[in-house]
>>> print(open('model-v8.txt').read())   # compact mmCIF, C-alpha atoms and all ligand atoms
# COMPACT_ATOMS: atom_id res chain seq x y z
CA MET A 536 -104.17 124.31 -178.69
CA ASN A 537 -105.99 121.94 -176.33
CA ASP A 538 -109.26 123.25 -177.72
CA PHE A 539 -108.21 122.60 -181.33
CA ARG A 540 -107.04 119.11 -180.41
CA ASP A 541 -110.34 118.39 -178.64
CA LYS A 542 -112.29 119.64 -181.66
CA LEU A 543 -110.26 117.40 -183.99
CA MET A 544 -110.89 114.39 -181.74
CA SER A 545 -114.63 114.96 -182.08
CA LEU A 546 -114.52 115.07 -185.89
CA SER A 547 -114.59 112.01 -188.09
CA PHE A 548 -112.34 112.28 -191.10
CA PRO A 549 -112.92 110.11 -194.16
CA GLN A 550 -110.87 106.90 -194.12
CA ASP A 551 -108.91 108.03 -197.17
CA ALA A 552 -108.06 111.41 -195.61
CA SER A 553 -104.34 110.83 -195.51
CA PRO A 554 -101.71 112.11 -195.14
CA LEU A 555 -103.00 114.77 -192.77
CA GLU A 556 -101.01 117.87 -191.91
CA ILE A 557 -101.61 120.44 -189.16
CA ARG A 558 -100.65 124.03 -189.87
CA VAL A 559 -100.68 126.80 -187.27
CA SER A 560 -100.29 130.46 -188.25
CA LEU A 561 -99.56 133.28 -185.81
CA TYR A 562 -100.43 136.91 -186.51
CA GLY A 563 -99.85 140.33 -184.96
CA SER A 564 -98.27 140.44 -181.51
CA LEU A 565 -98.49 136.68 -181.22
CA ALA A 566 -96.14 136.40 -184.21
CA ALA A 567 -93.91 139.34 -183.23
CA THR A 568 -93.10 138.01 -179.76
CA GLY A 569 -93.90 134.35 -180.35
CA HIS A 570 -90.32 133.06 -180.33
CA GLY A 571 -89.40 135.13 -177.26
CA HIS A 572 -92.50 133.96 -175.39
CA GLY A 573 -91.95 130.30 -176.37
CA THR A 574 -95.33 130.19 -178.16
CA HIS A 575 -94.13 127.58 -180.66
CA ARG A 576 -93.30 125.15 -177.86
CA ALA A 577 -96.62 125.84 -176.12
CA ILE A 578 -98.44 125.07 -179.40
CA LEU A 579 -96.73 121.69 -179.63
CA ALA A 580 -97.47 120.95 -175.96
CA GLY A 581 -101.16 121.69 -176.52
CA LEU A 582 -101.32 119.50 -179.62
CA LEU A 583 -99.67 116.68 -177.69
CA GLY A 584 -102.49 116.96 -175.14
CA GLU A 585 -100.49 118.57 -172.33
CA LYS A 586 -102.62 120.70 -169.98
CA PRO A 587 -101.27 123.94 -168.44
CA PRO A 588 -101.66 122.89 -164.76
CA SER A 589 -99.86 119.57 -165.21
CA VAL A 590 -97.40 120.14 -168.05
CA ASP A 591 -93.83 119.01 -167.38
CA THR A 592 -92.06 122.33 -167.94
CA ASP A 593 -88.63 120.70 -168.37
CA ARG A 594 -90.03 118.57 -171.19
CA LEU A 595 -91.73 121.64 -172.69
CA LYS A 596 -88.42 123.55 -172.69
CA SER A 597 -86.75 120.66 -174.52
CA PHE A 598 -89.13 120.81 -177.50
CA TRP A 599 -87.24 121.49 -180.70
CA ALA A 600 -83.90 121.57 -178.96
CA LYS A 601 -82.98 119.97 -182.29
CA PRO A 602 -84.76 122.25 -184.81
CA LEU A 603 -85.66 119.54 -187.33
CA GLU A 604 -87.11 117.14 -184.78
CA SER A 605 -90.51 115.70 -185.71
CA TYR A 606 -93.17 114.90 -183.07
CA LEU A 607 -95.96 112.42 -183.64
CA LEU A 608 -99.39 113.77 -182.66
CA GLN A 609 -101.95 111.14 -181.72
CA ILE A 610 -105.32 112.64 -182.67
CA GLY A 611 -107.96 109.95 -182.26
CA ASP A 612 -106.97 107.15 -184.65
CA TRP A 613 -104.65 109.41 -186.59
CA GLN A 614 -100.93 109.86 -186.14
CA ILE A 615 -99.82 113.17 -187.58
CA PRO A 616 -96.16 114.25 -187.71
CA PHE A 617 -95.55 117.84 -186.59
CA VAL A 618 -92.36 119.85 -187.15
CA GLU A 619 -91.37 123.43 -186.34
CA ASP A 620 -92.01 124.43 -189.95
CA ASN A 621 -95.69 123.62 -189.47
CA ILE A 622 -95.88 126.87 -187.50
CA PHE A 623 -95.89 130.09 -189.55
CA PHE A 624 -95.04 133.48 -188.09
CA ASP A 625 -96.85 136.07 -190.20
CA TYR A 626 -95.36 139.48 -189.37
CA GLY A 627 -97.39 141.48 -191.90
CA PRO A 628 -100.73 143.24 -191.56
CA HIS A 629 -103.65 140.87 -191.06
CA PRO A 630 -107.42 141.06 -191.36
CA TYR A 631 -108.31 139.66 -187.94
CA ARG A 632 -110.10 141.53 -185.15
CA HIS A 633 -107.48 141.01 -182.42
CA SER A 634 -103.75 141.61 -182.30
CA ASN A 635 -103.14 138.15 -180.78
CA THR A 636 -104.53 135.83 -183.46
CA LEU A 637 -103.82 132.16 -184.12
CA LYS A 638 -105.19 130.19 -187.06
CA ALA A 639 -105.14 126.40 -186.81
CA GLU A 640 -105.89 124.22 -189.82
CA ILE A 641 -105.89 120.59 -190.77
CA ILE A 642 -104.93 119.91 -194.35
CA CYS A 643 -105.40 116.89 -196.56
CA ALA A 644 -104.02 116.69 -200.11
CA HIS A 645 -103.29 120.45 -200.09
CA GLU A 646 -106.86 121.31 -199.10
CA VAL A 647 -107.88 122.78 -195.77
CA ILE A 648 -110.55 120.45 -194.40
CA TYR A 649 -111.01 122.11 -190.99
CA ARG A 650 -110.01 125.51 -189.62
CA ARG A 651 -110.44 127.53 -186.44
CA ILE A 652 -109.38 131.08 -185.65
CA TYR A 653 -108.48 131.85 -182.04
CA TYR A 654 -107.89 135.16 -180.28
CA SER A 655 -105.76 135.19 -177.15
CA VAL A 656 -107.36 138.01 -175.17
CA GLY A 657 -105.15 137.82 -172.07
CA GLY A 658 -105.24 135.93 -168.80
CA GLY A 659 -105.31 132.57 -170.57
CA PHE A 660 -108.73 133.39 -172.04
CA ILE A 661 -109.31 132.56 -175.68
CA GLU A 662 -112.13 133.55 -177.99
CA SER A 663 -113.11 132.06 -181.30
CA ASP A 664 -115.48 133.45 -183.91
CA GLU A 665 -116.85 129.94 -184.33
CA ASP A 666 -118.08 130.00 -180.71
CA ASN A 667 -120.28 133.05 -181.14
CA ASP A 668 -123.41 130.95 -180.94
CA LYS A 669 -122.50 129.67 -177.44
CA PRO A 670 -124.98 130.79 -174.77
CA ILE A 671 -123.60 133.62 -172.65
CA PRO A 672 -124.43 133.32 -168.92
CA GLU A 673 -127.24 135.71 -168.08
CA ASN A 674 -125.88 138.39 -165.77
CA HIS A 675 -129.33 139.21 -164.37
CA SER A 676 -129.84 135.61 -163.19
CA LEU A 677 -126.91 135.91 -160.75
CA PRO A 678 -127.51 136.57 -157.06
CA TYR A 679 -125.48 139.79 -157.26
CA PRO A 680 -125.35 141.05 -160.85
CA TYR A 681 -122.99 143.94 -161.51
CA ASN A 682 -121.34 145.46 -164.54
CA ASN A 683 -118.87 147.82 -162.92
CA MET A 684 -117.42 148.86 -159.58
CA GLU A 685 -120.20 151.33 -158.88
CA GLU A 686 -122.84 148.58 -159.11
CA LEU A 687 -120.65 146.24 -157.07
CA LEU A 688 -120.31 148.80 -154.29
CA ALA A 689 -124.07 149.43 -154.39
CA HIS A 690 -124.70 145.77 -153.43
CA ILE A 691 -122.34 146.10 -150.49
CA SER A 692 -123.91 149.27 -149.12
CA SER A 693 -127.47 147.99 -149.53
CA ALA A 694 -126.97 144.41 -148.34
CA THR A 695 -124.01 144.86 -145.97
CA ILE A 696 -122.38 141.86 -147.59
CA ASP A 697 -118.66 141.20 -147.60
CA MET A 698 -117.07 142.00 -150.99
CA ALA A 699 -115.67 138.49 -151.47
CA ALA A 700 -119.07 136.93 -150.74
CA ILE A 701 -120.47 138.59 -153.86
CA LEU A 702 -118.05 136.76 -156.12
CA LEU A 703 -118.51 133.56 -154.16
CA GLU A 704 -122.30 133.58 -154.46
CA ASN A 705 -122.13 134.41 -158.18
CA GLU A 706 -119.51 131.73 -158.87
CA LYS A 707 -121.55 129.11 -157.04
CA LYS A 708 -124.43 129.86 -159.38
CA ILE A 709 -122.37 130.10 -162.60
CA HIS A 710 -120.39 126.90 -162.08
CA ASN A 711 -122.89 125.04 -159.93
CA GLU A 712 -120.13 124.47 -157.36
CA SER A 713 -120.04 124.51 -153.59
CA GLU A 714 -118.08 127.04 -151.58
CA GLU A 715 -115.68 124.27 -150.62
CA GLU A 716 -114.96 123.40 -154.26
CA ILE A 717 -114.30 127.04 -155.17
CA VAL A 718 -112.07 127.60 -152.16
CA ASN A 719 -110.15 124.40 -152.88
CA ARG A 720 -109.38 125.65 -156.39
CA LEU A 721 -108.12 128.91 -154.93
CA ARG A 722 -105.93 127.01 -152.49
CA GLU A 723 -104.38 125.15 -155.43
CA ILE A 724 -103.72 128.46 -157.20
CA ILE A 725 -102.12 129.88 -154.06
CA ALA A 726 -99.92 126.77 -153.75
CA VAL A 727 -98.67 127.09 -157.35
CA MET A 728 -98.00 130.80 -156.85
CA ARG A 729 -96.05 130.20 -153.64
CA ASP A 730 -94.09 127.37 -155.27
CA SER A 731 -93.04 129.72 -158.06
CA VAL A 732 -91.83 132.28 -155.50
CA SER A 733 -90.00 129.70 -153.45
CA ARG A 734 -88.25 128.15 -156.49
CA GLY A 735 -87.32 131.62 -157.77
CA LEU A 736 -85.81 132.57 -154.39
CA SER A 737 -83.56 129.51 -154.43
CA ARG A 738 -82.18 129.81 -157.97
CA SER A 739 -79.43 131.86 -159.53
CA GLY A 740 -77.80 132.07 -162.96
CA ILE A 741 -78.54 133.51 -166.39
CA LEU A 742 -82.01 133.36 -167.90
CA PRO A 743 -82.34 131.79 -171.38
CA GLY A 744 -82.85 133.82 -174.55
CA GLY A 745 -79.49 135.51 -175.12
CA LEU A 746 -79.96 138.79 -173.22
CA ASN A 747 -77.68 137.58 -170.41
CA VAL A 748 -80.20 138.68 -167.79
CA GLU A 749 -79.15 137.38 -164.43
CA ARG A 750 -81.61 136.14 -161.82
CA ARG A 751 -81.67 138.50 -158.84
CA ALA A 752 -84.45 137.29 -156.52
CA LYS A 753 -82.17 135.20 -154.31
CA GLU A 754 -79.69 138.03 -153.82
CA MET A 755 -82.53 140.51 -153.16
CA TYR A 756 -83.94 138.24 -150.47
CA ALA A 757 -80.49 137.97 -148.85
CA LYS A 758 -80.39 141.77 -148.85
CA ALA A 759 -83.76 141.89 -147.11
CA LEU A 760 -82.43 139.63 -144.35
CA SER A 761 -79.32 141.73 -143.96
CA PHE A 762 -81.38 144.93 -143.74
CA GLU A 763 -83.42 143.29 -140.99
CA GLU A 764 -80.29 142.34 -139.07
CA ASN A 765 -79.25 145.97 -139.21
CA ASN A 766 -82.70 147.14 -138.12
CA GLN A 767 -83.37 148.84 -141.45
CA ILE A 768 -87.01 147.79 -141.45
CA GLY A 769 -88.29 150.01 -144.28
CA ARG A 770 -85.61 148.85 -146.71
CA ALA A 771 -86.12 145.26 -145.65
CA MET A 772 -89.82 145.34 -146.39
CA ILE A 773 -89.32 146.78 -149.87
CA ALA A 774 -86.54 144.30 -150.56
CA ARG A 775 -88.82 141.42 -149.56
CA LEU A 776 -91.61 142.57 -151.88
CA ASN A 777 -89.07 143.04 -154.67
CA ALA A 778 -87.56 139.60 -154.06
CA TYR A 779 -90.92 137.80 -154.20
CA ALA A 780 -91.97 139.58 -157.41
CA LEU A 781 -88.59 138.99 -159.04
CA ALA A 782 -88.70 135.32 -158.03
CA ALA A 783 -92.01 134.49 -159.73
CA SER A 784 -91.21 136.68 -162.76
CA GLU A 785 -87.83 135.01 -163.22
CA GLU A 786 -89.52 131.62 -163.07
CA ASN A 787 -91.88 132.80 -165.82
CA ALA A 788 -88.97 134.09 -167.91
CA ASP A 789 -87.30 130.69 -167.50
CA GLY A 790 -90.39 128.89 -168.83
CA ASN A 791 -91.28 127.29 -165.49
CA MET A 792 -94.69 126.85 -163.88
CA VAL A 793 -96.40 130.10 -162.84
CA VAL A 794 -100.00 131.23 -162.48
CA THR A 795 -101.36 133.54 -165.17
CA ALA A 796 -102.30 136.44 -162.90
CA PRO A 797 -103.83 138.07 -164.85
CA THR A 798 -101.19 137.37 -167.54
CA ASN A 799 -97.82 135.63 -167.57
CA GLY A 800 -95.93 138.89 -168.13
CA ALA A 801 -97.37 140.20 -164.87
CA ALA A 802 -97.19 136.85 -163.08
CA GLY A 803 -94.95 138.16 -160.25
CA ILE A 804 -97.19 140.79 -158.68
CA ILE A 805 -100.07 138.86 -157.11
CA PRO A 806 -97.79 136.00 -155.92
CA ALA A 807 -95.54 138.64 -154.29
CA CYS A 808 -98.55 140.14 -152.55
CA ILE A 809 -99.69 136.73 -151.29
CA GLU A 810 -96.20 135.68 -150.22
CA TYR A 811 -95.76 138.89 -148.24
CA LEU A 812 -99.16 138.60 -146.57
CA MET A 813 -98.69 134.94 -145.65
CA ARG A 814 -94.97 134.70 -144.90
CA ASP A 815 -94.37 138.09 -143.32
CA ASN A 816 -97.81 139.15 -142.03
CA MET A 817 -99.09 135.69 -141.04
CA ILE A 818 -102.42 136.24 -142.77
CA GLU A 819 -104.36 132.98 -142.89
CA GLU A 820 -105.00 131.16 -146.13
CA ASN A 821 -108.80 131.49 -145.79
CA LYS A 822 -108.53 135.22 -145.78
CA ILE A 823 -106.12 135.16 -148.74
CA CYS A 824 -108.66 133.05 -150.68
CA ARG A 825 -111.30 135.70 -150.08
CA GLY A 826 -108.83 138.46 -150.97
CA LEU A 827 -108.14 136.63 -154.23
CA MET A 828 -111.88 136.71 -154.97
CA VAL A 829 -111.84 140.49 -154.51
CA ALA A 830 -108.75 140.79 -156.74
CA ALA A 831 -110.51 138.64 -159.36
CA MET A 832 -113.52 140.99 -159.39
CA VAL A 833 -111.20 143.92 -160.03
CA GLY A 834 -109.55 141.98 -162.88
CA PHE A 835 -112.90 140.96 -164.40
CA ILE A 836 -114.16 144.56 -164.47
CA ILE A 837 -110.94 145.71 -166.17
CA LYS A 838 -111.13 142.84 -168.66
CA ASP A 839 -114.80 143.50 -169.45
CA HIS A 840 -114.47 147.25 -169.94
CA ALA A 841 -110.89 147.59 -171.23
CA SER A 842 -108.38 144.72 -171.43
CA ILE A 843 -105.74 142.84 -169.46
CA SER A 844 -103.69 142.20 -172.61
CA GLY A 845 -100.45 144.05 -173.40
CA ALA A 846 -101.01 143.23 -177.07
CA GLU A 847 -104.28 145.16 -176.95
CA LEU A 848 -103.63 148.15 -174.68
CA GLY A 849 -99.95 148.07 -173.69
CA CYS A 850 -98.31 147.20 -170.37
CA GLN A 851 -100.74 149.41 -168.43
CA ALA A 852 -103.26 146.62 -169.13
CA GLU A 853 -100.95 143.84 -167.87
CA VAL A 854 -98.79 145.15 -165.04
CA GLY A 855 -101.28 147.97 -164.34
CA SER A 856 -104.13 145.48 -163.96
CA ALA A 857 -102.06 143.12 -161.81
CA ALA A 858 -101.04 146.01 -159.52
CA SER A 859 -104.65 147.13 -159.28
CA MET A 860 -105.74 143.61 -158.31
CA ALA A 861 -102.88 143.31 -155.80
CA ALA A 862 -103.79 146.68 -154.23
CA ALA A 863 -107.34 145.38 -153.71
CA LEU A 864 -105.93 142.16 -152.23
CA PHE A 865 -103.73 144.07 -149.77
CA SER A 866 -106.63 146.33 -148.81
CA TYR A 867 -109.03 143.43 -148.26
CA CYS A 868 -106.52 141.49 -146.16
CA TYR A 869 -105.72 144.58 -144.09
CA ASP A 870 -109.45 144.96 -143.33
CA GLU A 871 -110.14 148.09 -145.35
CA ASP A 872 -113.78 148.64 -146.27
CA ALA A 873 -115.13 148.12 -149.79
CA VAL A 874 -114.90 151.79 -150.75
CA ASP A 875 -111.22 151.92 -149.79
CA ILE A 876 -110.58 148.66 -151.63
CA ALA A 877 -112.01 150.23 -154.80
CA ILE A 878 -109.97 153.39 -154.25
CA SER A 879 -106.75 151.39 -153.84
CA ALA A 880 -107.46 149.52 -157.10
CA GLU A 881 -108.10 152.85 -158.81
CA ILE A 882 -104.87 154.43 -157.52
CA ALA A 883 -102.73 151.48 -158.62
CA LEU A 884 -104.20 151.47 -162.12
CA GLU A 885 -104.09 155.27 -162.45
CA HIS A 886 -100.37 155.32 -161.86
CA HIS A 887 -99.66 152.80 -164.60
CA LEU A 888 -101.60 154.72 -167.26
CA GLY A 889 -99.79 155.03 -170.55
CA MET A 890 -97.22 152.35 -169.82
CA THR A 891 -96.11 150.79 -173.08
CA CYS A 892 -95.34 147.16 -173.85
CA ASP A 893 -91.90 146.96 -175.45
CA PRO A 894 -90.21 143.70 -174.46
CA VAL A 895 -86.63 143.52 -175.72
CA ARG A 896 -86.22 140.65 -178.20
CA GLY A 897 -89.82 139.67 -177.44
CA LEU A 898 -88.59 137.97 -174.26
CA VAL A 899 -90.54 138.46 -171.04
CA GLN A 900 -87.42 139.76 -169.29
CA VAL A 901 -86.59 143.41 -170.01
CA PRO A 902 -88.51 145.45 -168.88
CA CYS A 903 -91.00 142.86 -167.65
CA ILE A 904 -89.19 141.38 -164.64
CA GLU A 905 -88.35 144.67 -162.94
CA ARG A 906 -91.76 145.98 -163.92
CA ASN A 907 -93.31 143.32 -161.70
CA ALA A 908 -91.08 144.45 -158.82
CA THR A 909 -92.04 148.10 -159.25
CA GLY A 910 -95.69 147.05 -159.74
CA ILE A 911 -95.92 145.35 -156.34
CA ILE A 912 -94.42 148.39 -154.60
CA LYS A 913 -96.97 150.64 -156.30
CA ALA A 914 -99.73 148.23 -155.29
CA PHE A 915 -98.70 148.41 -151.63
CA ASN A 916 -98.47 152.18 -151.81
CA ALA A 917 -101.91 152.36 -153.43
CA TYR A 918 -103.31 150.44 -150.45
CA LEU A 919 -101.60 152.90 -148.06
CA LEU A 920 -102.79 155.96 -149.98
CA ALA A 921 -106.36 154.65 -150.05
CA SER A 922 -106.58 153.51 -146.44
CA ASP A 923 -108.73 155.79 -144.29
CA ARG A 924 -108.58 158.44 -146.98
CA PRO A 925 -110.42 161.61 -146.05
CA GLY A 926 -113.10 162.67 -148.56
CA ASN A 927 -114.07 161.15 -151.87
CA PRO A 928 -111.55 160.55 -154.63
CA VAL A 929 -111.72 162.76 -157.72
CA ILE A 930 -111.46 159.78 -160.09
CA SER A 931 -113.47 156.59 -159.63
CA PHE A 932 -112.24 153.08 -160.45
CA ASP A 933 -114.70 152.81 -163.35
CA GLN A 934 -113.46 156.10 -164.78
CA VAL A 935 -109.82 155.09 -164.65
CA VAL A 936 -110.61 151.80 -166.41
CA GLU A 937 -112.22 153.78 -169.23
CA VAL A 938 -109.24 156.15 -169.36
CA MET A 939 -106.92 153.15 -169.57
CA ARG A 940 -108.94 151.81 -172.50
CA GLN A 941 -108.86 155.14 -174.33
CA THR A 942 -105.15 155.59 -173.66
CA GLY A 943 -104.46 152.11 -175.00
CA LEU A 944 -106.42 152.80 -178.16
CA ASP A 945 -104.32 155.93 -178.69
CA LEU A 946 -101.05 153.99 -178.31
CA SER A 947 -99.24 153.16 -181.52
CA ALA A 948 -99.15 149.46 -182.45
CA LYS A 949 -95.40 149.42 -181.87
CA TYR A 950 -96.06 149.72 -178.11
CA LYS A 951 -98.38 146.72 -177.97
CA GLU A 952 -96.20 143.63 -177.55
CA THR A 953 -94.73 143.76 -181.03
CA ALA A 954 -91.14 144.39 -179.85
CA THR A 955 -90.85 147.12 -182.48
CA GLY A 956 -90.93 150.23 -180.26
CA GLY A 957 -89.48 151.76 -177.10
CA LEU A 958 -86.86 149.75 -175.25
CA ALA A 959 -87.06 146.98 -177.83
CA THR A 960 -85.63 149.29 -180.48
CA GLN A 961 -82.89 150.76 -178.28
CA PHE A 962 -81.61 147.31 -177.54
CA GLY A 963 -83.07 145.33 -180.36
CA TRP A 964 -82.58 142.26 -182.46
CA GLY A 965 -79.21 143.23 -183.88
CA ASN A 966 -77.80 144.93 -180.80
CA MET A 967 -77.01 142.01 -178.56
CA PRO A 968 -74.26 141.79 -175.99
CA GLY A 969 -71.31 140.11 -177.61
CA SER A 970 -72.83 140.16 -181.09
S1 LIG B 1001 -93.68 144.92 -171.25
FE1 LIG B 1001 -95.43 144.51 -169.88
S2 LIG B 1001 -97.13 143.91 -171.20
FE2 LIG B 1001 -95.24 143.76 -172.39
S3 LIG B 1001 -94.61 141.60 -172.24
FE3 LIG B 1001 -93.56 142.77 -170.61
S4 LIG B 1001 -94.90 142.62 -168.80
FE4 LIG B 1001 -96.13 142.00 -170.59
>>> encode(input="model-v8.txt", output="structure tokens")
Amino acid sequence: MNDFRDKLMSLSFPQDASPLEIRVSLYGSLAATGHGHGTHRAILAGLLGEKPPSVDTDRLKSFWAKPLESYLLQIGDWQIPFVEDNIFFDYGPHPYRHSNTLKAEIICAHEVIYRRIYYSVGGGFIESDEDNDKPIPENHSLPYPYNNMEELLAHISSATIDMAAILLENEKKIHNESEEEIVNRLREIIAVMRDSVSRGLSRSGILPGGLNVERRAKEMYAKALSFEENNQIGRAMIARLNAYALAASEENADGNMVVTAPTNGAAGIIPACIEYLMRDNMIEENKICRGLMVAAMVGFIIKDHASISGAELGCQAEVGSAASMAAALFSYCYDEDAVDIAISAEIALEHHLGMTCDPVRGLVQVPCIERNATGIIKAFNAYLLASDRPGNPVISFDQVVEVMRQTGLDLSAKYKETATGGLATQFGWGNMPGS
């Protein structure tokens, strides 16, 4: 909603345009899981001018603790009251091109005087039909243009360049930034990810939302330590990866600060990978930054050719993409070559194909939290399976991305973040513990 607020600030309304009202309508998956995901509170935060990296999450969680509470929005010279009823959840069919659609309007004397339609396409990215005339960066003007993994690998074999350097050189050109500026941003991202893991490891109790899901990261970490004391190294390692993924995912489910990586539902996998590499393998932050660049390239290719949104292609696109990115990150940090990095990303995605999105009650808890834990284990295994693999793989990364897209298109809408299929129906709205 920051974008809508910024647009309103740049408009000049007639002096007699009063009283003004803001109305926000949610459609498709955004409506179906909006309450569970806390979308209504995020809308208010955006209209109040809060930015995702700096928002006070405790304040955000307190929004509409009293349902009738009215908040005063300061938009330029205008003060506009905003209540929960200004947000409409439209659960019916809709005419828009994406399953995550938000319509924001400003109304004066019952007439809409300004409107924008937004599509949330995953990973914090938004699109708007009204922005179609924006210039798109020219791919061919980049130092290392590529459209898929095959073209990316071709640069590496012909120029013997490190995989991360490709993203770095392109980003420098796109954003007109220095290497230092880009790396500093990555360091900030790493810090927020590690904070989310560390907070999650220290907390216990029941997560909000009514499912009575208990936090388990702290206990899982204690188990890892006890396995180590008893020299059960294999169990300990898996318990550590589980604990880190649970920790960040539980923080997300509790509405606390996490990094969208590539989405909030899958926000435990890449932090778990980074925590393991830094805390347990002593990999230096510089190398992690470069590994994150490699993971980002994997994510961008998936986003460009398929999707990273559960609302579009099911959980294979969220947790599958995060696991694929994490597999590439492990492989890069363990010094695998570019071909093996691509193979690891392919294996991780391949073994999430067909996974549906069916969050119980629309909350990002069941199956999402454990799904992050199983996702990080698959990511590590994908790295192992790809490392020093004899012969060429049968399926390439680009092929599996296309298969993921096709599979997602074949999935029924009830498995795309609508909380109307799968686990959500077995333990649904009217089937609550104690109800
Ligand atoms: S089931 Fe998967 S895609 Fe759906 S909300 Fe949970 S983590 Fe996201």
>>> residues_near_ligand(input="model-v8.txt", ligand="ligand LIG 1001 (chain B)", cutoff="9 Å", atoms="only C-alpha atoms and all ligand atoms", output="ChimeraX atom specification")
/A:568,572,798-802,843-846,848-855,890-895,897-904,906-907,950-954
>>> closest_residue(input="model-v8.txt", among="A:Glu646, A:Glu619, A:Glu754, A:Asp872", to="Pro554 in chain A", atoms="only C-alpha atoms")
A:Glu646
>>> closest_residue(input="model-v8.txt", among="A:Lys822, A:Arg814, A:Lys638, A:Arg896", to="Phe962 in chain A", atoms="all atoms listed in the file")
A:Arg896
>>> residues_around(input="model-v8.txt", residues="Pro602 in chain A", least_positions_apart="4", cutoff="10 Å", atoms="all atoms listed in the file", output="JSON, numbers by chain")
{"A": [598, 618, 619, 620]}
>>> write_last_selection(input="model-v8.txt", atoms="C-alpha atoms", output="CSV table (one decimal), in the frame of the given file")
chain,number,residue,atom,x,y,z
A,598,PHE,CA,-89.1,120.8,-177.5
A,618,VAL,CA,-92.4,119.8,-187.2
A,619,GLU,CA,-91.4,123.4,-186.3
A,620,ASP,CA,-92.0,124.4,-190.0
>>> closest_residue(input="model-v8.txt", among="A:Ile878, A:Leu703, A:Val935, A:Cys808", to="Glu715 in chain A", atoms="only C-alpha atoms")
A:Leu703
>>> residues_around(input="model-v8.txt", residues="Arg576 in chain A", least_positions_apart="4", cutoff="8 Å", atoms="all atoms listed in the file", output="list in words")
Ala580, Leu595, Lys596, Phe598 and Trp599 of chain A
>>> closest_residue(input="model-v8.txt", among="A:Val748, A:Ala757, A:Ala566, A:Ala783", to="Gly735 in chain A", atoms="all atoms listed in the file")
A:Ala783
>>> closest_residue(input="model-v8.txt", among="A:Ala883, A:Ile836, A:Cys643, A:Ile701", to="Asn683 in chain A", atoms="only C-alpha atoms")
A:Ile836
>>> build_atoms(input="model-v8.txt", residues="range 581-592 of chain A", atoms="N, CA and C atoms", output="PDB file, keeping the file's coordinate frame")
ATOM      1  N   GLY A 581     -99.693 121.783-176.456  1.00  0.00           N
ATOM      2  CA  GLY A 581    -101.160 121.690-176.520  1.00  0.00           C
ATOM      3  C   GLY A 581    -101.606 120.613-177.488  1.00  0.00           C
ATOM      4  N   LEU A 582    -100.935 120.519-178.634  1.00  0.00           N
ATOM      5  CA  LEU A 582    -101.320 119.500-179.620  1.00  0.00           C
ATOM      6  C   LEU A 582    -101.005 118.086-179.131  1.00  0.00           C
ATOM      7  N   LEU A 583    -100.002 117.995-178.260  1.00  0.00           N
ATOM      8  CA  LEU A 583     -99.670 116.680-177.690  1.00  0.00           C
ATOM      9  C   LEU A 583    -100.630 116.307-176.552  1.00  0.00           C
ATOM     10  N   GLY A 584    -101.499 117.248-176.185  1.00  0.00           N
ATOM     11  CA  GLY A 584    -102.490 116.960-175.140  1.00  0.00           C
ATOM     12  C   GLY A 584    -102.059 117.372-173.752  1.00  0.00           C
ATOM     13  N   GLU A 585    -100.935 118.090-173.655  1.00  0.00           N
ATOM     14  CA  GLU A 585    -100.490 118.570-172.330  1.00  0.00           C
ATOM     15  C   GLU A 585    -101.434 119.659-171.854  1.00  0.00           C
ATOM     16  N   LYS A 586    -101.744 119.668-170.555  1.00  0.00           N
ATOM     17  CA  LYS A 586    -102.620 120.700-169.980  1.00  0.00           C
ATOM     18  C   LYS A 586    -101.759 121.661-169.149  1.00  0.00           C
ATOM     19  N   PRO A 587    -102.096 122.965-169.171  1.00  0.00           N
ATOM     20  CA  PRO A 587    -101.270 123.940-168.440  1.00  0.00           C
ATOM     21  C   PRO A 587    -100.991 123.596-166.976  1.00  0.00           C
ATOM     22  N   PRO A 588    -101.980 123.111-166.181  1.00  0.00           N
ATOM     23  CA  PRO A 588    -101.660 122.890-164.760  1.00  0.00           C
ATOM     24  C   PRO A 588    -100.720 121.718-164.520  1.00  0.00           C
ATOM     25  N   SER A 589    -100.629 120.778-165.487  1.00  0.00           N
ATOM     26  CA  SER A 589     -99.860 119.570-165.210  1.00  0.00           C
ATOM     27  C   SER A 589     -98.669 119.383-166.148  1.00  0.00           C
ATOM     28  N   VAL A 590     -98.465 120.332-167.071  1.00  0.00           N
ATOM     29  CA  VAL A 590     -97.400 120.140-168.050  1.00  0.00           C
ATOM     30  C   VAL A 590     -96.031 120.033-167.360  1.00  0.00           C
ATOM     31  N   ASP A 591     -95.200 119.138-167.879  1.00  0.00           N
ATOM     32  CA  ASP A 591     -93.830 119.010-167.380  1.00  0.00           C
ATOM     33  C   ASP A 591     -93.014 120.119-168.062  1.00  0.00           C
ATOM     34  N   THR A 592     -92.680 121.162-167.306  1.00  0.00           N
ATOM     35  CA  THR A 592     -92.060 122.330-167.940  1.00  0.00           C
ATOM     36  C   THR A 592     -90.657 122.025-168.467  1.00  0.00           C
TER      37      THR A 592
END
